[in-house]
Structures are given as C-alpha cells and as structure tokens.
Amino acid sequence: MKLRAVRLENVRRFAGKTVEISDIGDGITVLSAPNEFGKSTIFDALHAVFFEKFSGKSQSIKDLQPHSGGAPNVRVEIETPKGRFWIEKQWLSRPAARVTDCASGRLIASEDEAEAWIAQIVGADLRGPTGLLWVRQGDVWLDPEGATAREKSEREDRRRVRQNLLNSVVGREIDMMTGGRRMDQVLHRVGEKLDLLATKRGKPKAGGAWAVAVDAAAALEEEATGLRIAVSDLRQSLVDRHLAERRLAELDDPDVIAQQAELLARAEEAHAAAVAHQVRADQARQANQVAELSLRDVQRQLSDFDARTEAAKAAVAAHSDANRELAIAREHMTQHQAAETRATSKRDEADGKAKHLRTALDKARIAATAQAAAERLAALRAQLTSAETARRQLEEAEAALANVRITPESLRAAEQAHADALSARKLAEAQGVRVTLQYEGDARASFEGAEIEPDQPVVLREPSVLKLPGIGKMMLEPPANSDTSIDDAERALRSALQNCAAASIEDARVALQARDDLRARCNRAKDVLANVAPKGIADLQAACAALEADAASAGEPGDIADLTAQLRRADAALAECDGALAAAVSLARQAQADLARAEANVASAENAVAAAVLPDGDRDALARGVDTAEAQVRETREAVDSLKAQAPDVGAAEAALQRARSVQDRTEKERNATVKALAELNGEISARASRGVEEALADVAGRAKAAAARAARFEGEVAALTLLRDTLLAARSTARDAYFEPVRRTLMPLLAMVYDQAELVMDDATLLPSGLRRGGQDERLDILSGGTREQIAILTRLAFAALLNEAGQPVPVILDDALVHSDDDRIAAMFNALHRSASAQQIIVLTCRQRAFRDLGGAEAQVRISDQRDVP
C-alpha cells in the first residue's frame with residue numbers, strides 16, 4: 001500500500017477549510033512547513049482513517065474536531081496491487097466510511113464493510129503500523145513504557161506484532177528449529193493453562209482449580225485438626241476423671257480428718273496461753289511508763305525552779321548594761337548632730353560662692369557673645385554697604401548698556417563700510433580733476449561757497465564752477481564717469497554708522513570701547529555681589545537684623561578663663577563639702593539608729609526585769625521528790641524485764657494456729673473443687689462420646705488425604721507446564737541469532753551507514769534492540785544520548801518496514817518531526833539511510849526544519865488550503 005493524496009475538511013486547526021496534499025511519490029516525499037502549520041493534524045488524521053472506526057467517539061476522534069464544531073472529514077488516495085482507491089471517513093456528525101475505485105468511481109464498500117476492507121489492506125493481524133512504522137511528533141522511542149493497564153496492554157500488543165512479523169518472515173527452517181509459530185501456539189496454550197492455575201510467581205491463582213483444590217485440602221485438614229484435638233480432649237478427660245475420683249477418696253479418709261482436728265486444738269490452747277502472758281507484760285510496761293512520766297514531771301519542776309532564778313538575775317544585769325549603752329548613744333548622737341550642723345554651714349558657704357562665680361561667668365560669656373555679635377554686625381554692615389554699592393553700580397551699568405546699540409558685529413560692519421568708502425573715494429579721485437591753487441595776493445577762490453585753501457588739492461568728479469574773485473568764473477569739466485560705487489559706499493557707511501549710533505567711525509570705536517567698559521563694570525559689580533552677598537542682599541539685611549539685638553547689650557567682658565578656673569575650684573570645694581556633709585549625715589543617722597536601738601533595749605530590759613519573778617516553794621523538797629520517782633521507775637522496770645524473760649513466742653503460736661486452720665480450710669476447698677470438677681468431667685465425657693468424634697475424625701482424615709493428593713496433582717501440572725515453558729523459551733533463546741537474522745539482515749546495512757563497526761544487541765523479551773555493541777563493548781540503550789537512541793529507533797523502524805514489505809504487507813513509513821536531536825554529520829548519514837530504504841519503500845517526512853531537511857532530497861508534497869465553499 002502506498003499513499004498518493006490526502007484531503008482534510010474541517011479537521012482541528014483547519015476549521016471550515018479544505019487541505020489537499022498531492023504529489024506523494026514512491027520513495028521519499030517531504031512535507032516541509034513551519035511550526036503550527038498543521039503537520040501533526042495531518043498525521044493524526046491519517047492515523048484516524050486507517051485505525052479509528054467511523055462510528056467511534058473516543059478522545060482521539062474528538063481531538064480532530066475544531067473548536068467551532070462540525071464533522072471532521074478525511075479522504076486518502078492509496079495505491080495497491082489491485083489499483084487506486086479513495087478511502088473516506090467522517091466522524092461525530094453523520095458518521096460514514098466509504099471506499100471508492102478511483103478509475104471507475106464505483107463504490108467498493110461502505111460503513112462496516114469499508115472498515116473490514118481497510119483492515120484487510122493494512123493487515124489486521126499486525127494491528128496496524130502505529131508505534132511500529134509511524135513516528136508521531138515527540139514519540140520517537142521504540143517501545144515507550146507506561147504505568148497504566150492500557151499502556152501495558154498496548155506495549156504487549158506491539159511485541160506480538162513484532163513476533164508475528166518475525167515468525168512470518170523467518171520461514172520453515174527456524175520453524176523446525178525452535179517451533180516458530182507452532183512454538184508460539186504451544187507457548188500461548190501453556191501460558192493460558194498456567195494463567196488459569198497459577199500466578200506469575202507460580203503460586204495458586206485465586207479462583208483457579210489449583211487454588212480451589214489447595215483451599216479444600218486446607219479446609220479438610222483444618223477440620224481434621226479440630227477433630228484430633230476433640231479426640232485428644234476426650235481421652236484427657238477420662239484420665240482426669242480417674243485422678244479426681246482417687247483424690248476425693250483420699251480427702252474423705254477418717255484418720256486424716258481426726259489428725260487435722262487434734263492439730264487445731266493444740267494450736268488454739270498454746271495461742272491462748274501466749275496471749276494471757278502478753279496481757280500481763282503489757283500491764284507491767286504501762287506501770288513503768290507511768291513511773292517514768294512522774295519522774296520527768298518532778299525533774300521538769302526542779303529545772304524550771306533553777307531556770308527562773310537564773311533569769312531574774314540575768315534580767316537585772318541586762319537592765320544595767322542597757323542603761324549604760326543608752327548614755328553612750330545619747331552622747332554620740334549629740335556629737336554627730338553638731339558635726340552635721342557644721343558640715344551643712346560649710347557646704348552652704350561653698351555653694352553660695354560657686355553660684356556667685358557661675359553668675360559672673362555667665363555675664364562675662366554674654367558680654368563676650370554680644371561683643372562678637374557687634375563685631376560680626378559691623379562686618380556684615382560693611383558687606384551690606386559694599387553689596388548695595390555694587391548693586392547700584394550694576395543697575396547703572398545695565399541701564400547704560402540698554403541704551404548702547406553698538407556691537408562688535410555692527411562696528412566691524414561700519415569699519416568695512418568705511419574701508420569701502422575710502423577705496424571708492426580714492427578711485428574717484430584717481431578718475432576726477434585735481435585742482436591745486438597757489439595765491440599771490442589776498443584774493444581767494446571758492447568752490448560751492450567754500451574757500452579753497454592754498455596748496456590743498458580739490459578733486460572734481462563732475463562739472464564744477466570755481467569762483468575767482470576779480471577774475472570771474474572757471475568752468476571745469478572732468479571726463480565723463482558713470483560709476484556710482486562711491487555713492488553706494490557712502491550710503492552703506494552712513495547706514496552702518498547709524499546702526500552704531502555714531503557720527504563717524506572714530507565715534508563708533510569710542511562707543512564700542514565705552515560698551516566694553518560698561519560690561520566690565522557689570523561683571524565687576526556681579527563679582528562683588530557674589531562675593532559679599534552670595535545669598536542676596538535680603539539675606540545680609542536679615543542677618544544684620546538678627547545680630548542687632550545681641551549686639552545692643554555689648555559691654556566690656558570679664559576674664560572668662562580666670563572666672564572659669566575660680567568656678568572649677570569652687571565646684572571642687574563644693575563637692576568636697578557635699579562629701580563631708582553626706583558622711584556627717586550618715587554618721588548622725590547611724591547615731592540616731594544606735595540611740596533608738598539603745599532606748600529599745602532599755603525598755604526591753606525593764607520589761608524583762610518586771611517579768612522576772614523569783615519562784616515560790618522549797619528546792620530541797622523538789623530534789624527529794626526526784627529521788628522517790630527514780631526508785632519507782634527502777635522497780636517497775638525490773639518487773640517488765642522479768643515478764644519479758646518468761647514470755648512465750650506469740651508469733652510462733654499464731655503461725656501454728658494459722659497453719660492448722662489453713663490445713664482444714666484447704667482440705668475443704670480441695671474436696672469441693674474435686675467434686676465440682678468430677679461433675680464437669682462426667683458431663684464433658686458424656687457429650688463428646690455422644691457426638692462420635694473418633695468416627696468423624698476417621699472420615700475427615702480420609703477426605704483430607706484425597707484433597708491433598710488432588711492439590712499435589714495440580715502442583716505437579718503447574719511444575720510441568722512451567723518446565724515446558726522454560727524449556728521452550730530456552731530453546732528459542734538458544735536459536736535467537738537465527739530468529740533475529742531477518743532484522744539484522746535488513747538493519748546492518750543501514751546501521752553501517754551511520755555508525756562504524758557497530759551492531760545492535762537484540763532483546764529476547766521485547767524483540768527490540770536493547771543496546772549497541774561497538775569495539776566489542778556493549779552499551780545499554782538507556783545510557784546512550786538522545787540523538788543516538790532516536791537514530792537507532794528510526795533505523796529499526798526502517799528495518800521492520802522492509803520485513804513487512806517482504807511479508808507482503810507494504811506500509812508507508814511516516815516520520816513527523818523526527819531527527820531533531822541529530823548533529824550535521826549524523827543527519828546527513830541518516831538522510832542516506834532513508835534514501836537507501838526508499839528504493840523499495842515509501843517514506844513520508846513531515847518537518848518544520850525547512851533548511852536542515854532541504855538536503856534530504858526526494859519529492860516535495862504540494863499542499864493547497866482553501867475555504868470549503870471554494871472547493872467544487
């Protein structure tokens with residue numbers, strides 16, 4: 001099958017438009033267009049025509065619909081050995097599928113029949129070339145992994161496509177060696193049986209026959225275990241009943257009962273005697289305690305008598321000492337108060353002197369500040385006078401400059417006009433009549449009313465009349481001259497002098513010099529103002545006003561340094577007086593506190609003397625009472641010791657009594673428990689014997705053995721199937737070189753065009769390259785660069801395309817924006833490999849890299865885009 005033309009209507013970005021692609025050749029055809037032209041849209045449309053049903057509504061179909069809605073329509077012209085046909089599909093709205101003969105226009109098939117016809121053309125057993133020969137943009141890897149169940153299923157489908165293709169190409173020889181398709185069928189049946197019985201790890205599969213047999217055997221074994229426990233319990237109960245009956249007979253023996261009663265009576269008698277002796281001993285101890293209390297009371301009375309006598313004596317002595325300390329404290333208080341008064345007076349005197357000096361220093365500083373302000377005011381007033389004079393001069397000079405019209409330019413123009421006028425005059429004089437008169441008498445000639453000086457030449461440039469007194473008139477006619485340049489020069493000179501506001505060129509020069517002098521005066525006045533009043537005259541006036549108040553109080557300042565030294569000495573003396581006063585005050589406060597404490601001690605001593613009373617009574621009588629009490633204590637203590645020496649062991653008597661009683665109690669409790677246990681054992685034995693647990697155990701054990709045998713048979717079957725599968729796979733792995741020979745045969749020439757002395761390492765499980773071997777060293781595919789992996793993926797697809805061609809299922813190879821990671825040398829080698837494959841294979845390349853793929857060559861597909869209403 002080869003593609004010849006494609007037409008898209010209302011597909012994705014081509015909403016409301018028709019796209020027609022033609023001139024698709026047999027070998028390489030390139031559709032080169034910029035990004036977002038719609039190449040991926042064309043690719044997805046081709047995929048949908050061949051591999052999506054016209055009635056489908058999957059997401060991939062919905063993605064073909066433009067945002068504006070409508071029904072996507074795709075029409076593809078293909079060429080097969082039977083001729084050329086149009087395949088047309090429309091989805092979503094009024095879905096349809098049609099196959100038409102291009103030559104006759106006859107409808108070949110429609111709807112579901114058209115889908116079957118397309119499946120037959122592309123090869124239904126190969127599940128189409130998607131993922132095998134058609135490379136979608138951004139999806140160049142051979143077998144991309146996925147985590148979802150659908151992606152895993154699609155990856156397994158692609159592996160089966162490659163396996164079926166290799167099996168169909170390898171032929172009978174490999175079929176005889178490794179089973180070929182028959183091996184695949186056997187492996188498939190083995191896999192199905194294993195899948196019914198076991199999991200991937202060889203364990204019983206839930207719901208499978210093996211698992212059911214294992215569960216049944218386990219359930220029966222569990223039931224048998226329970227029955228075995230019940231039989232064991234029944235037998236143990238019979239043994240326990242026999243032991244209980246024997247123990248009950250031992251407990252009811254009359255000799256044992258009489259012996260326990262006699263033991264209890266003897267223990268009770270011994271315990272009563274011990275208790276009576278303990279009562280007499282307690283009474284003797286109480287009498288001894290009373291005698292000791294009486295002795296301590298008499299001793300306390302004697303000690304209290306002696307203590308009160310000593311306290312009275314001590315109180316009198318303490319009162320005398322307190323009065324003596326009070327007198328000393330009063331004397332100290334008087335002395336320290338006098339010292340505090342003297343220190344206060346001295347401190348007040350030093351403070352007054354320091355205040356007087358501080359006031360004098362402040363006045364001196366104020367006077368010095370006022371004097372400095374006066375001096376500053378005088379300087380500012382001089383600056384203000386200079387500034388006002390400079391401002392007045394500046395104003396006068398600027399006013400004078402405003403009336404001056406002359407400029408250096410106008411003066412230069414006037415001087416040029418004056419020079420021109422002189423030149424014109426000299427020229428005119430050279431062309432006119434020169435008359436020079438010399439007189440011999442008093443008579444004088446005149447010209448135009450003016451007397452002609454002797455020996456002064458007069459130039460006549462036009463007819464003139466000279467008056468000669470006493471003689472007459474002289475008519476002079478110079479040569480005719482029509483030159484008016486002197487008149488023009490004179491007019492220009494007058495105009496230039498008028499611009500300079502001067503009567504002559506000398507006046508103009510004087511005026512310009514005066515203008516320059518005025519400008520110099522302005523600049524000098526500005527410099528003075530900038531120097532003496534940089535912030536302006538108003539600022540100087542404000543500064544003078546601010547200083548006038550301070551300068552008004554100016555007087556003769558004192559010696560500030562001397563006053564400062566005197567004040568420093570006075571402050572030091574004041575500080576010394578403050579320290580002495582603080583020490584005197586502290587001593588006075590301490591003396592006052594000592595006085596208060598002495599007064600309090602005297603008061604306390606007086607109270608103690610008042611409270612101290614000599615005791616009444618006779619001390620000798622108290623001493624005799626102590627002797628009598630001590631004799632009573634000795635007597636009672638001897639009685640206690642005597643009873644203690646004869647006392648029996650009460651604890652031992654109590655222990656013997658408790659043991660005798662516990663023997664009887666335990667015997668009674670054991671008898672009751674034995675009677676109860678015997679009754680329970682009789683009930684359990686009767687119940688278990690009635691259920692026939694021993695007969696049930698024999699039946700269940702037999703069924704459990706049969707179930708275990710059945711589970712073992714299934715286990716053996718799984719082991720045999722697993723062994724068969726592993727043996728077949730090992731045989732296939734052994735013959736993999738011959739199995740992969742078709743792929744190597746078609747791939748090696750292409751690989752050699754790109755890589756020197758390299759070969760691919762094929763994977764038995766995926767039937768795809770897993771690495772690249774160069775120089776005897778294997779490199780895993782996943783550690784190669786992205787460009788190398790992309791190139792190997794495309795070369796592998798070209799090899800599978802050649803195998804499909806050999807198998808009678810030719811399918812075009814379509815590459816959408818591939819070879820994006822290749823350098824210049826590799827991409828040139830890949831172009832050569834594409835051309836080698838294109839000699840027997842149709843290859844369609846969609847690319848946005850127009851400049852890079854210009855060197856690929858091949859035919860160029862023509863694309864025409866028009867509005868749908870423009871299409872006939």
# chains A, B, ... in the order shown; residues from 1 in each chain; ligands from 1

$ closest_atom_pairs --of "range 304-386 of chain A" --to "range 589-612 of chain A" --cutoff "10 Å" --atoms "only C-alpha atoms" --output "JSON lines"
{"residue": "A:Arg308", "atom": "CA", "partner": "A:Ala612", "partner_atom": "CA", "distance": 7.3}
{"residue": "A:Thr309", "atom": "CA", "partner": "A:Ala612", "partner_atom": "CA", "distance": 8.4}
{"residue": "A:Glu310", "atom": "CA", "partner": "A:Ala612", "partner_atom": "CA", "distance": 9.4}
{"residue": "A:Ala311", "atom": "CA", "partner": "A:Ala612", "partner_atom": "CA", "distance": 6.5}
{"residue": "A:Ala312", "atom": "CA", "partner": "A:Ala612", "partner_atom": "CA", "distance": 4.7}
{"residue": "A:Lys313", "atom": "CA", "partner": "A:Ala612", "partner_atom": "CA", "distance": 8.3}
{"residue": "A:Ala314", "atom": "CA", "partner": "A:Val609", "partner_atom": "CA", "distance": 8.7}
{"residue": "A:Ala315", "atom": "CA", "partner": "A:Val609", "partner_atom": "CA", "distance": 5.1}
{"residue": "A:Val316", "atom": "CA", "partner": "A:Val609", "partner_atom": "CA", "distance": 5.9}
{"residue": "A:Ala317", "atom": "CA", "partner": "A:Ala605", "partner_atom": "CA", "distance": 8.9}
{"residue": "A:Ala318", "atom": "CA", "partner": "A:Ala605", "partner_atom": "CA", "distance": 6.1}
{"residue": "A:His319", "atom": "CA", "partner": "A:Ala605", "partner_atom": "CA", "distance": 4.7}
{"residue": "A:Ser320", "atom": "CA", "partner": "A:Ala605", "partner_atom": "CA", "distance": 8.4}
{"residue": "A:Asp321", "atom": "CA", "partner": "A:Val602", "partner_atom": "CA", "distance": 8.5}
{"residue": "A:Ala322", "atom": "CA", "partner": "A:Val602", "partner_atom": "CA", "distance": 4.9}
{"residue": "A:Asn323", "atom": "CA", "partner": "A:Val602", "partner_atom": "CA", "distance": 6.0}
{"residue": "A:Arg324", "atom": "CA", "partner": "A:Ala598", "partner_atom": "CA", "distance": 9.1}
{"residue": "A:Glu325", "atom": "CA", "partner": "A:Ala598", "partner_atom": "CA", "distance": 6.2}
{"residue": "A:Leu326", "atom": "CA", "partner": "A:Ala598", "partner_atom": "CA", "distance": 4.9}
{"residue": "A:Ala327", "atom": "CA", "partner": "A:Ala598", "partner_atom": "CA", "distance": 8.6}
{"residue": "A:Ile328", "atom": "CA", "partner": "A:Leu595", "partner_atom": "CA", "distance": 8.6}
{"residue": "A:Ala329", "atom": "CA", "partner": "A:Leu595", "partner_atom": "CA", "distance": 4.9}
{"residue": "A:Arg330", "atom": "CA", "partner": "A:Leu595", "partner_atom": "CA", "distance": 6.1}
{"residue": "A:Glu331", "atom": "CA", "partner": "A:Ala591", "partner_atom": "CA", "distance": 9.2}
{"residue": "A:His332", "atom": "CA", "partner": "A:Ala591", "partner_atom": "CA", "distance": 6.2}
{"residue": "A:Met333", "atom": "CA", "partner": "A:Ala591", "partner_atom": "CA", "distance": 5.0}
{"residue": "A:Thr334", "atom": "CA", "partner": "A:Ala591", "partner_atom": "CA", "distance": 8.7}
{"residue": "A:Gln335", "atom": "CA", "partner": "A:Ala591", "partner_atom": "CA", "distance": 9.1}
{"residue": "A:His336", "atom": "CA", "partner": "A:Ala591", "partner_atom": "CA", "distance": 7.1}
{"residue": "A:Gln337", "atom": "CA", "partner": "A:Ala591", "partner_atom": "CA", "distance": 8.8}

$ write_last_selection --atoms "C-alpha atoms" --output "PDB file, in the first residue's frame"
ATOM      1  CA  ARG A 308      13.508  31.151 136.721  1.00  0.00           C
ATOM      2  CA  THR A 309      16.028  32.010 139.454  1.00  0.00           C
ATOM      3  CA  GLU A 310      18.826  32.492 136.869  1.00  0.00           C
ATOM      4  CA  ALA A 311      16.521  34.508 134.567  1.00  0.00           C
ATOM      5  CA  ALA A 312      15.711  37.035 137.262  1.00  0.00           C
ATOM      6  CA  LYS A 313      19.392  37.603 137.960  1.00  0.00           C
ATOM      7  CA  ALA A 314      20.193  37.949 134.226  1.00  0.00           C
ATOM      8  CA  ALA A 315      17.359  40.472 133.674  1.00  0.00           C
ATOM      9  CA  VAL A 316      18.734  42.799 136.391  1.00  0.00           C
ATOM     10  CA  ALA A 317      22.235  42.637 134.877  1.00  0.00           C
ATOM     11  CA  ALA A 318      20.902  43.249 131.351  1.00  0.00           C
ATOM     12  CA  HIS A 319      18.919  46.309 132.545  1.00  0.00           C
ATOM     13  CA  SER A 320      22.079  47.845 133.997  1.00  0.00           C
ATOM     14  CA  ASP A 321      24.028  47.228 130.727  1.00  0.00           C
ATOM     15  CA  ALA A 322      21.220  48.741 128.623  1.00  0.00           C
ATOM     16  CA  ASN A 323      21.194  51.969 130.659  1.00  0.00           C
ATOM     17  CA  ARG A 324      24.957  52.319 130.264  1.00  0.00           C
ATOM     18  CA  GLU A 325      24.752  51.829 126.430  1.00  0.00           C
ATOM     19  CA  LEU A 326      21.889  54.365 126.264  1.00  0.00           C
ATOM     20  CA  ALA A 327      24.027  57.044 127.868  1.00  0.00           C
ATOM     21  CA  ILE A 328      26.850  56.384 125.405  1.00  0.00           C
ATOM     22  CA  ALA A 329      24.425  56.512 122.414  1.00  0.00           C
ATOM     23  CA  ARG A 330      22.998  59.871 123.553  1.00  0.00           C
ATOM     24  CA  GLU A 331      26.492  61.345 123.815  1.00  0.00           C
ATOM     25  CA  HIS A 332      27.380  60.098 120.297  1.00  0.00           C
ATOM     26  CA  MET A 333      24.119  61.497 118.927  1.00  0.00           C
ATOM     27  CA  THR A 334      24.903  64.967 120.307  1.00  0.00           C
ATOM     28  CA  GLN A 335      28.411  64.937 118.824  1.00  0.00           C
ATOM     29  CA  HIS A 336      27.300  63.815 115.324  1.00  0.00           C
ATOM     30  CA  GLN A 337      24.421  66.309 115.160  1.00  0.00           C
TER      31      GLN A 337
END

$ residues_around --residues "range 374-384 of chain A" --least-positions-apart "4" --cutoff "12 Å" --atoms "only C-alpha atoms" --output "PyMOL selection string"
chain A and resi 367-370+388-391+528-555

$ atom_distance --atom1 "CA of Thr225 in chain A" --atom2 "CA of Ala708 in chain A"
14.3 Å

$ residues_around --residues "Glu860 in chain A" --least-positions-apart "4" --cutoff "7 Å" --atoms "only C-alpha atoms" --output "ChimeraX atom specification"
/A:29-31

$ select_by_dssp --residues "range 454-699 of chain A" --states "helix (DSSP H, G or I)" --output "PyMOL selection string"
chain A and resi 485-499+505-532+537-552+560-611+619-646+650-691+693-699

$ closest_residue --among "A:Ile42, A:Ala216, A:Ala343, A:Leu243" --to "Ala582 in chain A" --atoms "only C-alpha atoms"
A:Ala343

$ atom_distance --atom1 "CA of Leu468 in chain A" --atom2 "CA of Arg425 in chain A"
26.4 Å

$ closest_residue --among "A:Ile794, A:Ile685, A:Val813, A:Ala704" --to "Ala230 in chain A" --atoms "only C-alpha atoms"
A:Ile685

$ atom_distance --atom1 "CA of Ala709 in chain A" --atom2 "CA of Glu221 in chain A"
12.3 Å

$ residues_around --residues "Val640 in chain A" --least-positions-apart "5" --cutoff "7 Å" --atoms "only C-alpha atoms" --output "JSON, numbers by chain"
{"A": [281, 284, 285]}

$ write_last_selection --atoms "all heavy atoms" --output "mmCIF file, in the first residue's frame"
data_model
loop_
_atom_site.group_PDB
_atom_site.id
_atom_site.type_symbol
_atom_site.label_atom_id
_atom_site.label_comp_id
_atom_site.auth_asym_id
_atom_site.auth_seq_id
_atom_site.Cartn_x
_atom_site.Cartn_y
_atom_site.Cartn_z
ATOM 1 N N ALA A 281 2.342 -8.732 130.621
ATOM 2 C CA ALA A 281 3.531 -7.953 130.262
ATOM 3 C C ALA A 281 3.144 -6.537 129.835
ATOM 4 O O ALA A 281 3.839 -5.559 130.161
ATOM 5 C CB ALA A 281 4.272 -8.659 129.130
ATOM 6 N N ALA A 284 2.539 -4.463 132.984
ATOM 7 C CA ALA A 284 3.799 -4.070 133.637
ATOM 8 C C ALA A 284 4.461 -2.936 132.875
ATOM 9 O O ALA A 284 5.008 -1.988 133.469
ATOM 10 C CB ALA A 284 4.728 -5.287 133.726
ATOM 11 N N ARG A 285 4.429 -2.954 131.570
ATOM 12 C CA ARG A 285 5.029 -1.866 130.758
ATOM 13 C C ARG A 285 4.273 -0.569 130.980
ATOM 14 O O ARG A 285 4.892 0.508 131.048
ATOM 15 C CB ARG A 285 5.007 -2.245 129.270
ATOM 16 C CG ARG A 285 6.146 -3.179 128.884
ATOM 17 C CD ARG A 285 6.301 -3.259 127.383
ATOM 18 N NE ARG A 285 5.114 -3.827 126.755
ATOM 19 C CZ ARG A 285 4.906 -5.115 126.559
ATOM 20 N NH1 ARG A 285 5.810 -6.002 126.973
ATOM 21 N NH2 ARG A 285 3.806 -5.552 125.968
#

$ select_by_dssp --residues "range 608-818 of chain A" --states "strand (DSSP E or B)" --output "list in words"
Ala758, Glu759, Leu760, Val761, Met762, Pro769, Ser770, Gly771, Leu772, Arg773, Arg774, Gln777, Asp778, Glu779, Arg780, Val813, Ile814, Leu815 and Asp816 of chain A

$ write_last_selection --atoms "C-alpha atoms" --output "PDB file, in the first residue's frame"
ATOM      1  CA  ALA A 758      28.634  -1.356  15.219  1.00  0.00           C
ATOM      2  CA  GLU A 759      25.873  -3.897  15.688  1.00  0.00           C
ATOM      3  CA  LEU A 760      22.695  -3.967  17.719  1.00  0.00           C
ATOM      4  CA  VAL A 761      22.051  -6.281  20.669  1.00  0.00           C
ATOM      5  CA  MET A 762      18.504  -7.675  20.467  1.00  0.00           C
ATOM      6  CA  PRO A 769      17.338  -3.545  20.298  1.00  0.00           C
ATOM      7  CA  SER A 770      18.474  -3.317  23.912  1.00  0.00           C
ATOM      8  CA  GLY A 771      21.943  -1.954  23.297  1.00  0.00           C
ATOM      9  CA  LEU A 772      24.686  -1.037  20.844  1.00  0.00           C
ATOM     10  CA  ARG A 773      27.928  -3.066  20.523  1.00  0.00           C
ATOM     11  CA  ARG A 774      30.954  -1.083  19.356  1.00  0.00           C
ATOM     12  CA  GLN A 777      31.875  -3.263  24.186  1.00  0.00           C
ATOM     13  CA  ASP A 778      28.109  -3.396  24.872  1.00  0.00           C
ATOM     14  CA  GLU A 779      26.378  -0.103  25.692  1.00  0.00           C
ATOM     15  CA  ARG A 780      22.839  -0.176  27.075  1.00  0.00           C
ATOM     16  CA  VAL A 813       6.831   4.905   6.841  1.00  0.00           C
ATOM     17  CA  ILE A 814       5.699   8.281   8.188  1.00  0.00           C
ATOM     18  CA  LEU A 815       8.076  10.444  10.256  1.00  0.00           C
ATOM     19  CA  ASP A 816       6.620  13.540  11.934  1.00  0.00           C
TER      20      ASP A 816
END

$ residues_around --residues "Gly226 in chain A" --least-positions-apart "6" --cutoff "12 Å" --atoms "only C-alpha atoms" --output "list in words"
Ala219, Leu220, Ser232, Asp233, Val693, Glu694, Ala696, Leu697, Val700 and Ala701 of chain A

$ write_last_selection --atoms "all heavy atoms" --output "compact mmCIF listing (two decimals), in the first residue's frame"
# COMPACT_ATOMS: atom_id res chain seq x y z
N ALA A 219 -8.96 -26.74 54.11
CA ALA A 219 -10.16 -26.73 54.96
C ALA A 219 -10.38 -28.08 55.62
O ALA A 219 -10.69 -28.16 56.82
CB ALA A 219 -11.37 -26.34 54.11
N LEU A 220 -10.22 -29.19 54.85
CA LEU A 220 -10.40 -30.52 55.43
C LEU A 220 -9.33 -30.81 56.48
O LEU A 220 -9.60 -31.41 57.53
CB LEU A 220 -10.36 -31.58 54.33
CG LEU A 220 -11.60 -31.61 53.41
CD1 LEU A 220 -11.37 -32.54 52.24
CD2 LEU A 220 -12.85 -32.04 54.19
N SER A 232 -8.40 -35.95 71.42
CA SER A 232 -7.37 -35.86 72.45
C SER A 232 -7.97 -35.33 73.76
O SER A 232 -7.64 -35.81 74.84
CB SER A 232 -6.23 -34.96 71.98
OG SER A 232 -5.29 -34.79 73.00
N ASP A 233 -8.87 -34.33 73.64
CA ASP A 233 -9.52 -33.79 74.84
C ASP A 233 -10.38 -34.84 75.54
O ASP A 233 -10.43 -34.90 76.79
CB ASP A 233 -10.37 -32.58 74.45
CG ASP A 233 -9.51 -31.39 74.02
OD1 ASP A 233 -8.29 -31.40 74.32
OD2 ASP A 233 -10.05 -30.45 73.38
N VAL A 693 -16.85 -38.31 67.94
CA VAL A 693 -15.75 -37.55 67.36
C VAL A 693 -14.69 -38.47 66.77
O VAL A 693 -14.01 -38.12 65.79
CB VAL A 693 -15.12 -36.62 68.42
CG1 VAL A 693 -16.09 -35.52 68.78
CG2 VAL A 693 -14.71 -37.39 69.66
N GLU A 694 -14.49 -39.64 67.30
CA GLU A 694 -13.46 -40.53 66.76
C GLU A 694 -13.84 -41.03 65.38
O GLU A 694 -13.02 -41.11 64.46
CB GLU A 694 -13.24 -41.70 67.74
CG GLU A 694 -12.61 -41.26 69.06
CD GLU A 694 -12.41 -42.44 70.00
OE1 GLU A 694 -13.12 -43.45 69.85
OE2 GLU A 694 -11.52 -42.34 70.87
N ALA A 696 -15.91 -39.41 63.31
CA ALA A 696 -15.84 -38.25 62.41
C ALA A 696 -14.40 -37.97 62.00
O ALA A 696 -14.12 -37.60 60.85
CB ALA A 696 -16.43 -37.02 63.10
N LEU A 697 -13.45 -38.16 62.94
CA LEU A 697 -12.05 -37.92 62.63
C LEU A 697 -11.56 -38.87 61.55
O LEU A 697 -10.85 -38.46 60.63
CB LEU A 697 -11.19 -38.08 63.90
CG LEU A 697 -9.68 -37.99 63.69
CD1 LEU A 697 -9.30 -36.64 63.10
CD2 LEU A 697 -8.95 -38.23 65.01
N VAL A 700 -13.05 -37.55 58.07
CA VAL A 700 -12.46 -36.30 57.58
C VAL A 700 -11.00 -36.50 57.20
O VAL A 700 -10.51 -35.94 56.20
CB VAL A 700 -12.59 -35.20 58.66
CG1 VAL A 700 -11.81 -33.97 58.25
CG2 VAL A 700 -14.05 -34.84 58.85
N ALA A 701 -10.25 -37.32 57.93
CA ALA A 701 -8.85 -37.56 57.60
C ALA A 701 -8.72 -38.22 56.24
O ALA A 701 -7.81 -37.89 55.45
CB ALA A 701 -8.22 -38.43 58.69
